[in-house]
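Asker: I'd like to ask you about the structure that follows.
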Amino acid sequence: MAVLKLQLDEFDAIDYDLIAIHSSVEDYRMAFLLNQQLPIILYKNKKPIEVSVKEGEAAFTYFEFDDEKSEINWMLIPNKNEIVVRKKSTGQNLFLDAQVEIATLVFLLPEFKKVDYFLKIERQDAVDDIEQVVSAIHKIKQVSTVYVVDPKKIKSKNNLIF
């Protein structure tokens with residue numbers, strides 16, 4: 001009988017770049033601004049990214065563009081999402097045993113709570129022009145800060161696998 005070996009190092013390879021964007025505009029507006037500044041055409045994906053957190057299930061909508069010519073996949077992902085959890089009121093108060101809706105802010109990458117959006121750029125080769133992309137995004141006046149995030153330093157990188 002033949003023995004098959006699975007190399008786990010193959011799955012640890014990081015084949016994407018991650019850019020953090022700080023901006024107060026809505027996600028569709030950010031996608032529009034990026035489409036104007038970069039040579040991409042982001043569109044809203046119908047299937048959201050589902051992430052399990054201790055508060056419940058969070059669904060993050062995202063925008064993507066698959067550039068087949070240069071084999072690059074661009075994704076604009078919001079880092080923040082608000083979920084509403086229904087709980088029974090506890091304790092001695094006027095609304096004893098009543099259903100209460102509690103809104104909770106959930107983060108895709110909790111270690112970057114101040115980041116509003118991530119631009120994930122998937123490609124096979126290493127990115128040489130990532131600084132050009134960052135500088136192009138920085139020219140958008142609605143963006144306050146933009147920088148490259150090292151994917152090796154992210155603790156919750158499993159949330160970026162979809």
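Following the order of the structure tokens, chains are lettered A, B, ..., residues in each are numbered from 1, and ligands are numbered from 1.
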If we count only C-alpha atoms, what is near region 60-72 of chain A at a cut-off of 12 Å, once residues fewer than 5 positions away on the same chain are taken out, given as an MDAnalysis selection string?

Answerer: chainID A and resid 15:17 26:32 34:35 38:52 77:83 105:109 117:127 159:160 162

Asker: Please, what distance in Å, to one decimal, runs between CA of Leu33 (chain A) and CA of Ser135 (chain A)?

Answerer: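 The value is 13.9 Å.
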
Asker: I want to know what sits within 9 Å of Gln142 (chain A), based on only C-alpha atoms, with residues of the same chain fewer than 4 positions away left out; could you give that as number ranges by chain?

Answerer: A: 22-25, 30, 33, 138

Asker: How would the residues just picked look written out with all heavy atoms as an mmCIF file, in the first residue's frame?

Answerer:
```cif
data_model
loop_
_atom_site.group_PDB
_atom_site.id
_atom_site.type_symbol
_atom_site.label_atom_id
_atom_site.label_comp_id
_atom_site.auth_asym_id
_atom_site.auth_seq_id
_atom_site.Cartn_x
_atom_site.Cartn_y
_atom_site.Cartn_z
ATOM 1 N N HIS A 22 -8.657 53.655 5.827
ATOM 2 C CA HIS A 22 -9.454 54.374 6.817
ATOM 3 C C HIS A 22 -10.275 55.430 6.083
ATOM 4 O O HIS A 22 -9.715 56.343 5.475
ATOM 5 C CB HIS A 22 -8.554 55.061 7.848
ATOM 6 C CG HIS A 22 -7.776 54.112 8.690
ATOM 7 N ND1 HIS A 22 -8.133 53.817 9.973
ATOM 8 C CD2 HIS A 22 -6.662 53.386 8.425
ATOM 9 C CE1 HIS A 22 -7.261 52.949 10.477
ATOM 10 N NE2 HIS A 22 -6.367 52.673 9.553
ATOM 11 N N SER A 23 -11.596 55.293 6.147
ATOM 12 C CA SER A 23 -12.485 56.242 5.493
ATOM 13 C C SER A 23 -13.885 56.111 6.095
ATOM 14 O O SER A 23 -14.281 55.032 6.518
ATOM 15 C CB SER A 23 -12.552 55.964 3.993
ATOM 16 O OG SER A 23 -13.450 56.841 3.376
ATOM 17 N N SER A 24 -14.606 57.215 6.112
ATOM 18 C CA SER A 24 -15.946 57.189 6.704
ATOM 19 C C SER A 24 -17.056 57.027 5.666
ATOM 20 O O SER A 24 -18.231 57.063 6.020
ATOM 21 C CB SER A 24 -16.174 58.474 7.508
ATOM 22 O OG SER A 24 -16.076 59.585 6.653
ATOM 23 N N VAL A 25 -16.715 56.836 4.396
ATOM 24 C CA VAL A 25 -17.735 56.695 3.364
ATOM 25 C C VAL A 25 -18.330 55.285 3.375
ATOM 26 O O VAL A 25 -17.724 54.345 3.890
ATOM 27 C CB VAL A 25 -17.181 57.035 1.957
ATOM 28 C CG1 VAL A 25 -16.694 58.456 1.891
ATOM 29 C CG2 VAL A 25 -16.090 56.088 1.554
ATOM 30 N N MET A 30 -17.028 53.724 -1.532
ATOM 31 C CA MET A 30 -15.597 53.408 -1.552
ATOM 32 C C MET A 30 -15.255 52.580 -2.786
ATOM 33 O O MET A 30 -14.228 52.810 -3.433
ATOM 34 C CB MET A 30 -15.187 52.668 -0.277
ATOM 35 C CG MET A 30 -13.729 52.280 -0.230
ATOM 36 S SD MET A 30 -12.555 53.637 -0.471
ATOM 37 C CE MET A 30 -12.902 54.652 0.927
ATOM 38 N N LEU A 33 -15.147 54.953 -5.724
ATOM 39 C CA LEU A 33 -13.941 55.785 -5.707
ATOM 40 C C LEU A 33 -12.704 54.992 -6.115
ATOM 41 O O LEU A 33 -11.838 55.493 -6.830
ATOM 42 C CB LEU A 33 -13.749 56.401 -4.324
ATOM 43 C CG LEU A 33 -14.804 57.420 -3.903
ATOM 44 C CD1 LEU A 33 -14.663 57.770 -2.430
ATOM 45 C CD2 LEU A 33 -14.735 58.656 -4.773
ATOM 46 N N HIS A 138 -4.290 56.765 -1.767
ATOM 47 C CA HIS A 138 -4.072 57.915 -0.889
ATOM 48 C C HIS A 138 -4.487 59.232 -1.560
ATOM 49 O O HIS A 138 -4.787 60.217 -0.874
ATOM 50 C CB HIS A 138 -2.607 57.981 -0.457
ATOM 51 C CG HIS A 138 -2.364 58.884 0.697
ATOM 52 N ND1 HIS A 138 -3.130 58.861 1.842
ATOM 53 C CD2 HIS A 138 -1.440 59.856 0.896
ATOM 54 C CE1 HIS A 138 -2.700 59.771 2.675
ATOM 55 N NE2 HIS A 138 -1.679 60.391 2.130
#
```

Asker: Mind the document's chain letters and residue numbers, and return as a list in words the residues of region 9-138 of chain A that DSSP labels alpha helix (DSSP H).

Answerer: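 Taking region 9-138 of chain A and keeping alpha helix (DSSP H) only, one gets Asp9, Glu10, Phe11, Asp12, Asp27, Tyr28, Arg29, Met30, Ala31, Phe32, Leu33, Leu34, Asn35, Gln36, Gln37, Ile130, Glu131, Gln132, Val133, Val134, Ser135, Ala136, Ile137 and His138 of chain A.
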
Asker: With distances taken over only C-alpha atoms, which residue among A:Leu18, A:Ile130, A:Val84, A:Val3 lies nearest Asp150 (chain A)?

Answerer: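 Under the stated criterion, the closest residue is A:Leu18.
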
Asker: Separation of CA of Tyr147 (chain A) and CA of Ile21 (chain A), in Å?

Answerer: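 Atom-to-atom, CA of Tyr147 (chain A) to CA of Ile21 (chain A), that is 6.9 Å.
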
Asker: So how far away is CA of Lys113 (chain A) from CA of Asn158 (chain A), in Å?

Answerer: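 Interatomic distance here is 16.6 Å.
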